[in-house]
file entry06.pdb (PDB, C-alpha atoms, pLDDT in the B column)
ATOM      1  CA  MET H   1       0.000   0.000   0.000  1.00 50.00           C
ATOM      2  CA  VAL H   2       2.858   2.215   0.766  1.00 48.00           C
ATOM      3  CA  ALA H   3       4.315   1.469  -2.610  1.00 49.00           C
ATOM      4  CA  ALA H   4       1.149   2.543  -4.320  1.00 49.00           C
ATOM      5  CA  SER H   5       1.217   5.829  -2.557  1.00 52.00           C
ATOM      6  CA  LEU H   6       4.810   6.538  -3.569  1.00 51.00           C
ATOM      7  CA  ALA H   7       4.044   5.739  -7.182  1.00 51.00           C
ATOM      8  CA  GLY H   8       1.126   8.142  -7.240  1.00 56.00           C
ATOM      9  CA  ALA H   9       3.245  10.944  -5.859  1.00 54.00           C
ATOM     10  CA  ALA H  10       5.903  10.394  -8.457  1.00 52.00           C
ATOM     11  CA  VAL H  11       3.344  10.566 -11.280  1.00 52.00           C
ATOM     12  CA  ALA H  12       2.010  13.856  -9.906  1.00 52.00           C
ATOM     13  CA  ILE H  13       5.476  15.427  -9.828  1.00 51.00           C
ATOM     14  CA  ILE H  14       6.168  14.452 -13.453  1.00 51.00           C
ATOM     15  CA  MET H  15       2.919  16.033 -14.582  1.00 54.00           C
ATOM     16  CA  LEU H  16       3.711  19.221 -12.879  1.00 49.00           C
ATOM     17  CA  MET H  17       7.095  19.434 -14.565  1.00 55.00           C
ATOM     18  CA  ASP H  18       5.642  18.911 -18.042  1.00 52.00           C
ATOM     19  CA  THR H  19       2.888  21.554 -17.717  1.00 50.00           C
ATOM     20  CA  PRO H  20       3.963  24.841 -19.525  1.00 53.00           C
ATOM     21  CA  GLU H  21       3.971  28.143 -17.596  1.00 53.00           C
ATOM     22  CA  PRO H  22       1.127  30.463 -18.548  1.00 51.00           C
ATOM     23  CA  GLU H  23       2.217  33.475 -20.609  1.00 53.00           C
ATOM     24  CA  ALA H  24       1.853  36.913 -19.072  1.00 49.00           C
ATOM     25  CA  PRO H  25      -0.815  38.956 -20.831  1.00 48.00           C
ATOM     26  CA  THR H  26       0.612  41.607 -23.113  1.00 49.00           C
ATOM     27  CA  THR H  27      -0.533  45.159 -22.475  1.00 48.00           C
ATOM     28  CA  ALA H  28      -0.170  47.911 -25.122  1.00 47.00           C
ATOM     29  CA  ALA H  29       2.361  50.548 -24.069  1.00 46.00           C
ATOM     30  CA  ALA H  30       0.783  53.939 -23.317  1.00 47.00           C
ATOM     31  CA  PRO H  31       2.015  56.751 -25.502  1.00 48.00           C
ATOM     32  CA  ALA H  32       4.680  58.986 -23.919  1.00 48.00           C
ATOM     33  CA  THR H  33       3.250  62.193 -22.473  1.00 48.00           C
ATOM     34  CA  ALA H  34       5.368  65.390 -22.355  1.00 48.00           C
ATOM     35  CA  ALA H  35       6.094  66.512 -18.849  1.00 51.00           C
ATOM     36  CA  ALA H  36       4.157  69.635 -17.896  1.00 52.00           C
ATOM     37  CA  PRO H  37       6.372  72.710 -17.215  1.00 54.00           C
ATOM     38  CA  ILE H  38       6.953  73.550 -13.648  1.00 53.00           C
ATOM     39  CA  GLU H  39       5.447  76.902 -12.836  1.00 57.00           C
ATOM     40  CA  ARG H  40       7.487  79.221 -10.573  1.00 53.00           C
ATOM     41  CA  PRO H  41       5.707  81.014  -7.813  1.00 53.00           C
ATOM     42  CA  ALA H  42       5.061  84.654  -8.659  1.00 54.00           C
ATOM     43  CA  SER H  43       6.843  85.769  -5.494  1.00 52.00           C
ATOM     44  CA  LEU H  44      10.229  84.449  -6.608  1.00 52.00           C
ATOM     45  CA  PRO H  45      12.527  86.775  -8.706  1.00 56.00           C
ATOM     46  CA  PRO H  46      13.212  85.771 -12.282  1.00 60.00           C
ATOM     47  CA  GLU H  47      16.217  83.623 -12.830  1.00 61.00           C
ATOM     48  CA  PRO H  48      19.231  85.523 -14.202  1.00 60.00           C
ATOM     49  CA  PRO H  49      20.200  84.703 -17.746  1.00 60.00           C
ATOM     50  CA  ALA H  50      22.922  82.231 -18.111  1.00 59.00           C
ATOM     51  CA  ALA H  51      26.334  83.877 -18.425  1.00 59.00           C
ATOM     52  CA  ALA H  52      27.996  83.582 -21.789  1.00 61.00           C
ATOM     53  CA  PRO H  53      30.952  81.285 -21.690  1.00 63.00           C
ATOM     54  CA  GLU H  54      34.290  83.046 -21.549  1.00 64.00           C
ATOM     55  CA  PRO H  55      36.345  82.816 -24.711  1.00 63.00           C
ATOM     56  CA  PRO H  56      39.467  80.787 -24.347  1.00 62.00           C
ATOM     57  CA  ARG H  57      42.455  82.870 -23.326  1.00 66.00           C
ATOM     58  CA  ARG H  58      45.215  83.137 -25.821  1.00 63.00           C
ATOM     59  CA  ARG H  59      48.636  82.563 -24.500  1.00 62.00           C
ATOM     60  CA  ALA H  60      50.904  85.565 -25.139  1.00 55.00           C
ATOM     61  CA  ALA H  61      53.673  84.821 -27.490  1.00 56.00           C
ATOM     62  CA  ALA H  62      57.069  84.952 -25.997  1.00 57.00           C
ATOM     63  CA  THR H  63      58.941  88.194 -26.814  1.00 57.00           C
ATOM     64  CA  PRO H  64      62.634  87.900 -27.346  1.00 56.00           C
ATOM     65  CA  ALA H  65      64.761  90.008 -25.005  1.00 57.00           C
ATOM     66  CA  LEU H  66      65.913  93.162 -26.851  1.00 60.00           C
ATOM     67  CA  GLY H  67      67.371  95.153 -23.982  1.00 60.00           C
ATOM     68  CA  PRO H  68      65.705  97.820 -21.806  1.00 65.00           C
ATOM     69  CA  PRO H  69      62.542  99.409 -23.209  1.00 66.00           C
ATOM     70  CA  VAL H  70      62.906 102.712 -25.016  1.00 66.00           C
ATOM     71  CA  VAL H  71      61.143 105.523 -23.151  1.00 66.00           C
ATOM     72  CA  GLU H  72      59.880 108.273 -25.456  1.00 69.00           C
ATOM     73  CA  PRO H  73      60.109 111.823 -24.096  1.00 67.00           C
ATOM     74  CA  PRO H  74      56.764 113.468 -23.379  1.00 63.00           C
ATOM     75  CA  SER H  75      55.526 115.631 -26.191  1.00 62.00           C
ATOM     76  CA  GLU H  76      55.858 119.348 -25.468  1.00 64.00           C
ATOM     77  CA  ALA H  77      52.754 121.488 -25.574  1.00 62.00           C
ATOM     78  CA  THR H  78      52.683 123.905 -28.453  1.00 70.00           C
ATOM     79  CA  GLU H  79      53.467 127.410 -27.190  1.00 73.00           C
ATOM     80  CA  VAL H  80      51.245 130.204 -28.388  1.00 81.00           C
ATOM     81  CA  ALA H  81      53.185 133.258 -29.530  1.00 85.00           C
ATOM     82  CA  PRO H  82      52.317 136.392 -27.495  1.00 86.00           C
ATOM     83  CA  THR H  83      50.391 139.123 -29.268  1.00 91.00           C
ATOM     84  CA  SER H  84      50.952 141.933 -26.734  1.00 92.00           C
ATOM     85  CA  GLY H  85      53.789 143.316 -24.673  1.00 93.00           C
ATOM     86  CA  LEU H  86      54.508 142.846 -20.970  1.00 95.00           C
ATOM     87  CA  LEU H  87      56.721 145.587 -19.504  1.00 96.00           C
ATOM     88  CA  ARG H  88      58.572 145.302 -16.211  1.00 97.00           C
ATOM     89  CA  ILE H  89      59.518 148.871 -15.282  1.00 97.00           C
ATOM     90  CA  ASP H  90      61.890 149.660 -12.426  1.00 97.00           C
ATOM     91  CA  SER H  91      63.766 152.719 -11.202  1.00 96.00           C
ATOM     92  CA  ASP H  92      66.806 153.533  -9.111  1.00 93.00           C
ATOM     93  CA  VAL H  93      64.379 155.462  -6.892  1.00 94.00           C
ATOM     94  CA  PRO H  94      62.011 152.960  -5.200  1.00 92.00           C
ATOM     95  CA  GLY H  95      58.363 153.934  -5.406  1.00 95.00           C
ATOM     96  CA  ALA H  96      58.749 156.184  -8.442  1.00 96.00           C
ATOM     97  CA  GLN H  97      55.445 156.760 -10.235  1.00 97.00           C
ATOM     98  CA  VAL H  98      55.121 155.030 -13.610  1.00 97.00           C
ATOM     99  CA  PHE H  99      52.783 156.187 -16.395  1.00 97.00           C
ATOM    100  CA  ILE H 100      52.261 154.838 -19.911  1.00 97.00           C
ATOM    101  CA  ASP H 101      50.378 157.086 -22.307  1.00 96.00           C
ATOM    102  CA  ARG H 102      49.311 159.176 -19.279  1.00 94.00           C
ATOM    103  CA  GLN H 103      47.738 156.128 -17.639  1.00 95.00           C
ATOM    104  CA  PHE H 104      49.026 155.300 -14.152  1.00 97.00           C
ATOM    105  CA  VAL H 105      50.636 151.851 -14.064  1.00 96.00           C
ATOM    106  CA  GLY H 106      51.919 151.736 -10.474  1.00 96.00           C
ATOM    107  CA  ALA H 107      54.873 152.443  -8.235  1.00 96.00           C
ATOM    108  CA  ALA H 108      58.238 151.089  -9.360  1.00 96.00           C
ATOM    109  CA  PRO H 109      58.855 148.248  -9.697  1.00 95.00           C
ATOM    110  CA  ALA H 110      55.667 148.094 -11.779  1.00 96.00           C
ATOM    111  CA  VAL H 111      54.327 145.660 -14.376  1.00 96.00           C
ATOM    112  CA  ALA H 112      52.313 146.777 -17.398  1.00 96.00           C
ATOM    113  CA  GLU H 113      50.431 143.904 -19.040  1.00 94.00           C
ATOM    114  CA  ASN H 114      48.706 143.618 -22.408  1.00 94.00           C
ATOM    115  CA  VAL H 115      50.454 146.646 -23.911  1.00 95.00           C
ATOM    116  CA  ALA H 116      49.623 146.908 -27.602  1.00 95.00           C
ATOM    117  CA  PRO H 117      52.631 146.708 -29.933  1.00 95.00           C
ATOM    118  CA  GLY H 118      53.789 150.086 -31.222  1.00 95.00           C
ATOM    119  CA  THR H 119      55.190 153.355 -29.870  1.00 96.00           C
ATOM    120  CA  HIS H 120      54.120 154.506 -26.395  1.00 97.00           C
ATOM    121  CA  GLN H 121      55.039 157.357 -24.068  1.00 97.00           C
ATOM    122  CA  LEU H 122      56.670 156.352 -20.780  1.00 97.00           C
ATOM    123  CA  ASN H 123      56.859 158.816 -17.864  1.00 97.00           C
ATOM    124  CA  VAL H 124      58.565 158.110 -14.542  1.00 97.00           C
ATOM    125  CA  SER H 125      58.795 160.662 -11.724  1.00 95.00           C
ATOM    126  CA  ALA H 126      59.645 160.957  -8.038  1.00 95.00           C
ATOM    127  CA  PRO H 127      59.805 163.887  -5.606  1.00 92.00           C
ATOM    128  CA  GLY H 128      63.171 165.634  -5.639  1.00 84.00           C
ATOM    129  CA  PHE H 129      64.181 164.291  -9.049  1.00 87.00           C
ATOM    130  CA  ASP H 130      63.653 165.347 -12.622  1.00 86.00           C
ATOM    131  CA  SER H 131      60.969 163.273 -14.273  1.00 90.00           C
ATOM    132  CA  VAL H 132      61.910 161.153 -17.264  1.00 92.00           C
ATOM    133  CA  ALA H 133      59.723 161.169 -20.370  1.00 94.00           C
ATOM    134  CA  THR H 134      60.731 158.886 -23.200  1.00 94.00           C
ATOM    135  CA  SER H 135      59.198 157.048 -26.143  1.00 96.00           C
ATOM    136  CA  ILE H 136      59.386 153.250 -26.110  1.00 95.00           C
ATOM    137  CA  ASP H 137      58.741 150.775 -28.915  1.00 95.00           C
ATOM    138  CA  VAL H 138      56.730 147.800 -27.658  1.00 95.00           C
ATOM    139  CA  VAL H 139      56.796 144.397 -29.366  1.00 95.00           C
ATOM    140  CA  PRO H 140      54.999 141.180 -28.337  1.00 95.00           C
ATOM    141  CA  GLY H 141      56.689 139.494 -25.385  1.00 94.00           C
ATOM    142  CA  GLU H 142      58.368 140.565 -22.154  1.00 94.00           C
ATOM    143  CA  ARG H 143      60.742 143.506 -21.756  1.00 95.00           C
ATOM    144  CA  GLU H 144      62.529 145.035 -18.776  1.00 96.00           C
ATOM    145  CA  ILE H 145      63.056 148.794 -18.530  1.00 96.00           C
ATOM    146  CA  VAL H 146      65.114 150.542 -15.840  1.00 95.00           C
ATOM    147  CA  ILE H 147      64.776 154.315 -15.500  1.00 94.00           C
ATOM    148  CA  LYS H 148      67.581 156.080 -13.631  1.00 93.00           C
ATOM    149  CA  LEU H 149      66.093 159.121 -11.981  1.00 93.00           C
ATOM    150  CA  ARG H 150      69.208 159.767  -9.916  1.00 92.00           C
ATOM    151  CA  GLU H 151      71.213 160.559 -13.032  1.00 92.00           C
ATOM    152  CA  VAL H 152      71.527 164.290 -13.690  1.00 93.00           C
ATOM    153  CA  ARG H 153      70.209 165.231 -17.116  1.00 90.00           C
ATOM    154  CA  LEU H 154      70.751 168.711 -18.476  1.00 93.00           C
ATOM    155  CA  ASP H 155      70.955 170.104 -21.989  1.00 95.00           C
ATOM    156  CA  VAL H 156      69.970 173.790 -22.196  1.00 96.00           C
ATOM    157  CA  SER H 157      71.228 176.749 -24.173  1.00 97.00           C
ATOM    158  CA  MET H 158      70.204 180.262 -25.137  1.00 96.00           C
ATOM    159  CA  ASP H 159      71.500 183.286 -27.069  1.00 97.00           C
ATOM    160  CA  VAL H 160      72.889 185.993 -24.808  1.00 97.00           C
ATOM    161  CA  ILE H 161      74.663 189.315 -24.813  1.00 96.00           C
ATOM    162  CA  HIS H 162      77.629 189.745 -22.510  1.00 94.00           C
ATOM    163  CA  LYS H 163      77.901 193.301 -21.234  1.00 88.00           C
ATOM    164  CA  HIS H 164      81.445 194.571 -20.914  1.00 84.00           C
ATOM    165  CA  GLY H 165      82.485 197.573 -18.916  1.00 77.00           C
ATOM    166  CA  ILE H 166      82.622 199.261 -22.293  1.00 82.00           C
ATOM    167  CA  GLY H 167      80.621 197.655 -25.040  1.00 83.00           C
ATOM    168  CA  SER H 168      79.318 194.073 -25.302  1.00 89.00           C
ATOM    169  CA  CYS H 169      79.581 190.867 -27.296  1.00 93.00           C
ATOM    170  CA  ARG H 170      77.070 188.338 -28.489  1.00 94.00           C
ATOM    171  CA  GLY H 171      77.316 184.601 -28.044  1.00 96.00           C
ATOM    172  CA  ARG H 172      75.570 181.462 -26.867  1.00 97.00           C
ATOM    173  CA  LEU H 173      75.443 180.143 -23.309  1.00 97.00           C
ATOM    174  CA  ALA H 174      75.057 176.350 -22.983  1.00 97.00           C
ATOM    175  CA  ALA H 175      75.043 173.944 -20.029  1.00 97.00           C
ATOM    176  CA  THR H 176      75.169 170.141 -19.567  1.00 96.00           C
ATOM    177  CA  PRO H 177      76.046 168.015 -16.511  1.00 95.00           C
ATOM    178  CA  GLU H 178      79.636 168.232 -17.710  1.00 94.00           C
ATOM    179  CA  GLY H 179      79.726 172.020 -17.295  1.00 96.00           C
ATOM    180  CA  ILE H 180      78.738 175.461 -18.597  1.00 97.00           C
ATOM    181  CA  ARG H 181      80.327 177.192 -21.547  1.00 96.00           C
ATOM    182  CA  TYR H 182      80.083 180.519 -23.333  1.00 97.00           C
ATOM    183  CA  GLU H 183      80.629 180.377 -27.081  1.00 96.00           C
ATOM    184  CA  THR H 184      81.388 183.669 -28.824  1.00 95.00           C
ATOM    185  CA  SER H 185      83.341 185.054 -31.700  1.00 92.00           C
ATOM    186  CA  ASN H 186      85.237 187.127 -29.171  1.00 88.00           C
ATOM    187  CA  SER H 187      87.747 184.482 -28.133  1.00 83.00           C
ATOM    188  CA  GLY H 188      88.875 186.501 -25.128  1.00 88.00           C
ATOM    189  CA  ASP H 189      85.433 186.133 -23.519  1.00 92.00           C
ATOM    190  CA  ALA H 190      84.754 182.435 -24.276  1.00 95.00           C
ATOM    191  CA  PHE H 191      84.997 180.099 -21.298  1.00 96.00           C
ATOM    192  CA  THR H 192      84.139 176.625 -20.012  1.00 96.00           C
ATOM    193  CA  SER H 193      83.652 175.726 -16.339  1.00 96.00           C
ATOM    194  CA  SER H 194      82.359 172.933 -14.138  1.00 96.00           C
ATOM    195  CA  LEU H 195      78.907 173.641 -12.725  1.00 96.00           C
ATOM    196  CA  VAL H 196      79.863 172.851  -9.153  1.00 95.00           C
ATOM    197  CA  ASP H 197      82.957 175.072  -9.363  1.00 95.00           C
ATOM    198  CA  LEU H 198      81.086 178.276 -10.198  1.00 96.00           C
ATOM    199  CA  GLU H 199      81.486 180.822  -7.425  1.00 95.00           C
ATOM    200  CA  THR H 200      78.374 182.754  -8.427  1.00 95.00           C
ATOM    201  CA  PHE H 201      75.371 181.820 -10.495  1.00 96.00           C
ATOM    202  CA  GLN H 202      72.503 184.227  -9.884  1.00 96.00           C
ATOM    203  CA  VAL H 203      69.612 185.728 -11.832  1.00 96.00           C
ATOM    204  CA  ASP H 204      67.985 189.102 -11.301  1.00 95.00           C
ATOM    205  CA  TYR H 205      64.567 188.942 -12.868  1.00 93.00           C
ATOM    206  CA  LEU H 206      63.839 192.657 -12.530  1.00 93.00           C
ATOM    207  CA  GLU H 207      67.206 193.693 -13.946  1.00 92.00           C
ATOM    208  CA  LYS H 208      66.945 190.981 -16.613  1.00 94.00           C
ATOM    209  CA  ASN H 209      70.447 189.907 -15.803  1.00 95.00           C
ATOM    210  CA  LEU H 210      72.230 186.576 -15.230  1.00 96.00           C
ATOM    211  CA  ARG H 211      75.436 186.901 -13.256  1.00 96.00           C
ATOM    212  CA  VAL H 212      78.154 184.253 -13.517  1.00 96.00           C
ATOM    213  CA  LYS H 213      81.450 184.254 -11.588  1.00 96.00           C
ATOM    214  CA  LEU H 214      84.124 181.718 -12.561  1.00 96.00           C
ATOM    215  CA  PRO H 215      86.520 180.010 -10.102  1.00 94.00           C
ATOM    216  CA  ASN H 216      89.297 182.328 -11.256  1.00 92.00           C
ATOM    217  CA  GLY H 217      87.194 185.326 -10.181  1.00 92.00           C
ATOM    218  CA  ARG H 218      86.226 186.548 -13.612  1.00 93.00           C
ATOM    219  CA  GLN H 219      82.599 187.799 -13.820  1.00 94.00           C
ATOM    220  CA  PHE H 220      80.050 187.863 -16.649  1.00 95.00           C
ATOM    221  CA  ASN H 221      76.708 189.657 -16.918  1.00 95.00           C
ATOM    222  CA  PHE H 222      74.377 188.117 -19.483  1.00 96.00           C
ATOM    223  CA  THR H 223      71.119 189.493 -20.845  1.00 96.00           C
ATOM    224  CA  ASP H 224      68.617 188.187 -23.370  1.00 95.00           C
ATOM    225  CA  PRO H 225      68.990 189.848 -26.811  1.00 94.00           C
ATOM    226  CA  GLY H 226      65.216 190.438 -26.908  1.00 92.00           C
ATOM    227  CA  GLY H 227      65.064 191.711 -23.330  1.00 91.00           C
ATOM    228  CA  ASN H 228      63.105 188.608 -22.251  1.00 91.00           C
ATOM    229  CA  ALA H 229      63.746 187.926 -18.558  1.00 93.00           C
ATOM    230  CA  ASP H 230      61.738 184.683 -18.652  1.00 95.00           C
ATOM    231  CA  ARG H 231      64.322 182.892 -20.782  1.00 95.00           C
ATOM    232  CA  LEU H 232      67.068 183.925 -18.374  1.00 95.00           C
ATOM    233  CA  PHE H 233      64.982 182.738 -15.438  1.00 96.00           C
ATOM    234  CA  VAL H 234      64.248 179.284 -16.979  1.00 96.00           C
ATOM    235  CA  PHE H 235      67.895 178.795 -17.958  1.00 97.00           C
ATOM    236  CA  HIS H 236      69.050 179.682 -14.459  1.00 97.00           C
ATOM    237  CA  ARG H 237      66.412 177.412 -12.824  1.00 95.00           C
ATOM    238  CA  ASP H 238      67.390 174.322 -14.819  1.00 95.00           C
ATOM    239  CA  VAL H 239      71.116 174.811 -14.410  1.00 96.00           C
ATOM    240  CA  ASP H 240      70.907 175.575 -10.702  1.00 95.00           C
ATOM    241  CA  LYS H 241      68.834 172.437 -10.034  1.00 93.00           C
ATOM    242  CA  ALA H 242      71.469 170.323 -11.780  1.00 94.00           C
ATOM    243  CA  ARG H 243      74.232 172.040  -9.807  1.00 95.00           C
ATOM    244  CA  GLU H 244      72.572 171.152  -6.489  1.00 93.00           C
ATOM    245  CA  ARG H 245      72.101 167.514  -7.451  1.00 92.00           C
ATOM    246  CA  LEU H 246      75.680 167.195  -8.646  1.00 94.00           C
ATOM    247  CA  LYS H 247      76.860 168.688  -5.344  1.00 94.00           C
ATOM    248  CA  ARG H 248      74.965 166.030  -3.364  1.00 90.00           C
ATOM    249  CA  GLY H 249      76.606 163.269  -5.397  1.00 91.00           C
ATOM    250  CA  ASP H 250      74.079 162.296  -8.084  1.00 92.00           C
ATOM    251  CA  PRO H 251      75.975 161.062 -11.173  1.00 92.00           C
ATOM    252  CA  PRO H 252      75.775 162.755 -14.567  1.00 92.00           C
ATOM    253  CA  ALA H 253      73.653 160.872 -17.105  1.00 86.00           C
ATOM    254  CA  GLY H 254      75.578 158.481 -19.311  1.00 71.00           C
ATOM    255  CA  ARG H 255      78.231 157.544 -16.778  1.00 61.00           C
TER
END
call {"tool": "encode", "arguments": {"input": "entry06.pdb", "output": "structure tokens"}}
result
Amino acid sequence: MVAASLAGAAVAIIMLMDTPEPEAPTTAAAPATAAAPIERPASLPPEPPAAAPEPPRRRAAATPALGPPVVEPPSEATEVAPTSGLLRIDSDVPGAQVFIDRQFVGAAPAVAENVAPGTHQLNVSAPGFDSVATSIDVVPGEREIVIKLREVRLDVSMDVIHKHGIGSCRGRLAATPEGIRYETSNSGDAFTSSLVDLETFQVDYLEKNLRVKLPNGRQFNFTDPGGNADRLFVFHRDVDKARERLKRGDPPAGR
């Protein structure tokens, strides 16, 4: 009985091994569906655009050594040529008054800017000195001018008659810082003398007479041929002023 049972079990096992496995049912594949875009919340800022890729860096070519680099000098700015004059005016008397064309420039040393090219009148004066008036030619650019007021300038002359004890002679009386001289055809009356050496140099306006006494004691009495006392007075004034300045040590002009 046991044997029959074992045989039945063996038959059942063989049947199971020969039975084919059922095939899995085939199901049609669903078509692919595109994924829906993900919406960003409105509160978030927009994403920055993607940065462009950097271009590849080129490797600098090697430069052969040629010595120290050459440094070029800086280019000079083009200078504009001046169109007017600039005058620097000084004097040997500090504070002298400077005028150009009767316009006050200042006290020496003074600077006159933007002076038009051409001829101008320059006047410089100071108390106790003869004023200097001179014409100057101005060109574009700077120029220095020094006026020497301390120099004694004198150049005066006039026709005169020299009265003798008996008679008279005509001639010309002239004076410069170098001295005074009487020029006449009468050689015995002509003379030359230093201004500071004159013993007498006086004018009498009412008598219309100019009296001159030389160092050697000789005297002369001069009158104006036309009887004009004014010319004698002006001549005496100019010469006497120069005499006083020479006595105090002011140098003659041109020395």
call {"tool": "atom_distance", "arguments": {"input": "entry06.pdb", "atom1": "CA of Gly179 in chain H", "atom2": "CA of Pro127 in chain H"}}
result
24.5 Å
call {"tool": "resolve_selection", "arguments": {"input": "entry06.pdb", "expression": "the PyMOL selection byres ((chain H and resi 98) around 10)", "output": "compact mmCIF listing (two decimals) with C-alpha atoms, in the frame of the given file"}}
result
# COMPACT_ATOMS: atom_id res chain seq x y z
CA ILE H 89 59.52 148.87 -15.28
CA ASP H 90 61.89 149.66 -12.43
CA SER H 91 63.77 152.72 -11.20
CA GLY H 95 58.36 153.93 -5.41
CA ALA H 96 58.75 156.18 -8.44
CA GLN H 97 55.44 156.76 -10.24
CA PHE H 99 52.78 156.19 -16.40
CA ILE H 100 52.26 154.84 -19.91
CA ARG H 102 49.31 159.18 -19.28
CA GLN H 103 47.74 156.13 -17.64
CA PHE H 104 49.03 155.30 -14.15
CA VAL H 105 50.64 151.85 -14.06
CA GLY H 106 51.92 151.74 -10.47
CA ALA H 107 54.87 152.44 -8.24
CA ALA H 108 58.24 151.09 -9.36
CA PRO H 109 58.86 148.25 -9.70
CA ALA H 110 55.67 148.09 -11.78
CA VAL H 111 54.33 145.66 -14.38
CA ALA H 112 52.31 146.78 -17.40
CA LEU H 122 56.67 156.35 -20.78
CA ASN H 123 56.86 158.82 -17.86
CA VAL H 124 58.56 158.11 -14.54
CA SER H 125 58.80 160.66 -11.72
CA ALA H 126 59.64 160.96 -8.04
CA VAL H 132 61.91 161.15 -17.26
CA ILE H 147 64.78 154.32 -15.50
call {"tool": "atom_distance", "arguments": {"input": "entry06.pdb", "atom1": "CA of Lys213 in chain H", "atom2": "CA of Glu199 in chain H"}}
result
5.4 Å
call {"tool": "resolve_selection", "arguments": {"input": "entry06.pdb", "expression": "the PyMOL selection byres ((chain H and resi 230) around 12)", "output": "PyMOL selection string"}}
result
chain H and resi 158+203-210+223-224+226-229+231-237
call {"tool": "resolve_selection", "arguments": {"input": "entry06.pdb", "expression": "the PyMOL selection byres ((chain H and resi 163) around 12)", "output": "short mmCIF file (atom, residue, chain, number, x, y, z; two decimals) with C-alpha atoms, in the coordinates of the input"}}
result
data_model
loop_
_atom_site.label_atom_id
_atom_site.label_comp_id
_atom_site.auth_asym_id
_atom_site.auth_seq_id
_atom_site.Cartn_x
_atom_site.Cartn_y
_atom_site.Cartn_z
CA VAL H 160 72.89 185.99 -24.81
CA ILE H 161 74.66 189.32 -24.81
CA HIS H 162 77.63 189.74 -22.51
CA HIS H 164 81.44 194.57 -20.91
CA GLY H 165 82.48 197.57 -18.92
CA ILE H 166 82.62 199.26 -22.29
CA GLY H 167 80.62 197.66 -25.04
CA SER H 168 79.32 194.07 -25.30
CA CYS H 169 79.58 190.87 -27.30
CA ARG H 170 77.07 188.34 -28.49
CA GLY H 171 77.32 184.60 -28.04
CA ASP H 189 85.43 186.13 -23.52
CA ASN H 209 70.45 189.91 -15.80
CA LEU H 210 72.23 186.58 -15.23
CA ARG H 211 75.44 186.90 -13.26
CA VAL H 212 78.15 184.25 -13.52
CA GLN H 219 82.60 187.80 -13.82
CA PHE H 220 80.05 187.86 -16.65
CA ASN H 221 76.71 189.66 -16.92
CA PHE H 222 74.38 188.12 -19.48
CA THR H 223 71.12 189.49 -20.84
CA ASP H 224 68.62 188.19 -23.37
CA PRO H 225 68.99 189.85 -26.81
#
call {"tool": "atom_distance", "arguments": {"input": "entry06.pdb", "atom1": "CA of Arg218 in chain H", "atom2": "CA of Phe201 in chain H"}}
result
12.2 Å
call {"tool": "axis_aligned_box", "arguments": {"input": "entry06.pdb", "around": "range 218-226 of chain H", "padding_each_side": "8 Å", "output": "JSON"}}
result
{"center_x": 75.7, "center_y": 188.5, "center_z": -20.3, "size_x": 37.0, "size_y": 19.9, "size_z": 29.3}
call {"tool": "residues_around", "arguments": {"input": "entry06.pdb", "residues": "Glu244 in chain H", "least_positions_apart": "6", "cutoff": "12 Å", "atoms": "all atoms listed in the file", "output": "PyMOL selection string"}}
result
chain H and resi 128-129+152+177+195-198+201+237-238+250-251
call {"tool": "residues_around", "arguments": {"input": "entry06.pdb", "residues": "Ile180 in chain H", "least_positions_apart": "2", "cutoff": "8 Å", "atoms": "all atoms listed in the file", "output": "list in words"}}
result
Leu173, Ala174, Ala175, Thr176, Glu178, Tyr182, Thr192, Ser193, Ser194 and Leu195 of chain H
call {"tool": "residues_near_point", "arguments": {"input": "entry06.pdb", "point": "(54.6, 152.6, -32.8)", "cutoff": "10 Å", "atoms": "all atoms listed in the file", "output": "short mmCIF file (atom, residue, chain, number, x, y, z; two decimals) with C-alpha atoms, in the coordinates of the input"}}
result
data_model
loop_
_atom_site.label_atom_id
_atom_site.label_comp_id
_atom_site.auth_asym_id
_atom_site.auth_seq_id
_atom_site.Cartn_x
_atom_site.Cartn_y
_atom_site.Cartn_z
CA ALA H 116 49.62 146.91 -27.60
CA PRO H 117 52.63 146.71 -29.93
CA GLY H 118 53.79 150.09 -31.22
CA THR H 119 55.19 153.35 -29.87
CA HIS H 120 54.12 154.51 -26.40
CA GLN H 121 55.04 157.36 -24.07
CA SER H 135 59.20 157.05 -26.14
CA ILE H 136 59.39 153.25 -26.11
CA ASP H 137 58.74 150.78 -28.92
CA VAL H 138 56.73 147.80 -27.66
CA VAL H 139 56.80 144.40 -29.37
#
call {"tool": "closest_residue", "arguments": {"input": "entry06.pdb", "among": "H:Pro140, H:Lys247, H:Glu113, H:Val239", "to": "Asp155 in chain H", "atoms": "all atoms listed in the file"}}
result
H:Val239
call {"tool": "decode", "arguments": {"input": "entry06.pdb", "residues": "range 192-197 of chain H", "atoms": "N, CA and C atoms", "output": "PDB file, in the first residue's frame"}}
result
ATOM      1  N   THR H 192      84.782 177.893 -20.392  1.00  0.00           N
ATOM      2  CA  THR H 192      84.139 176.625 -20.012  1.00  0.00           C
ATOM      3  C   THR H 192      84.457 176.374 -18.554  1.00  0.00           C
ATOM      4  N   SER H 193      83.434 175.948 -17.770  1.00  0.00           N
ATOM      5  CA  SER H 193      83.652 175.726 -16.339  1.00  0.00           C
ATOM      6  C   SER H 193      82.740 174.613 -15.847  1.00  0.00           C
ATOM      7  N   SER H 194      83.201 173.922 -14.816  1.00  0.00           N
ATOM      8  CA  SER H 194      82.359 172.933 -14.138  1.00  0.00           C
ATOM      9  C   SER H 194      81.218 173.645 -13.405  1.00  0.00           C
ATOM     10  N   LEU H 195      80.055 173.019 -13.392  1.00  0.00           N
ATOM     11  CA  LEU H 195      78.907 173.641 -12.725  1.00  0.00           C
ATOM     12  C   LEU H 195      79.136 173.801 -11.233  1.00  0.00           C
ATOM     13  N   VAL H 196      79.701 172.804 -10.612  1.00  0.00           N
ATOM     14  CA  VAL H 196      79.863 172.851  -9.153  1.00  0.00           C
ATOM     15  C   VAL H 196      80.984 173.802  -8.737  1.00  0.00           C
ATOM     16  N   ASP H 197      81.832 174.188  -9.704  1.00  0.00           N
ATOM     17  CA  ASP H 197      82.957 175.072  -9.363  1.00  0.00           C
ATOM     18  C   ASP H 197      82.614 176.545  -9.514  1.00  0.00           C
TER      19      ASP H 197
END
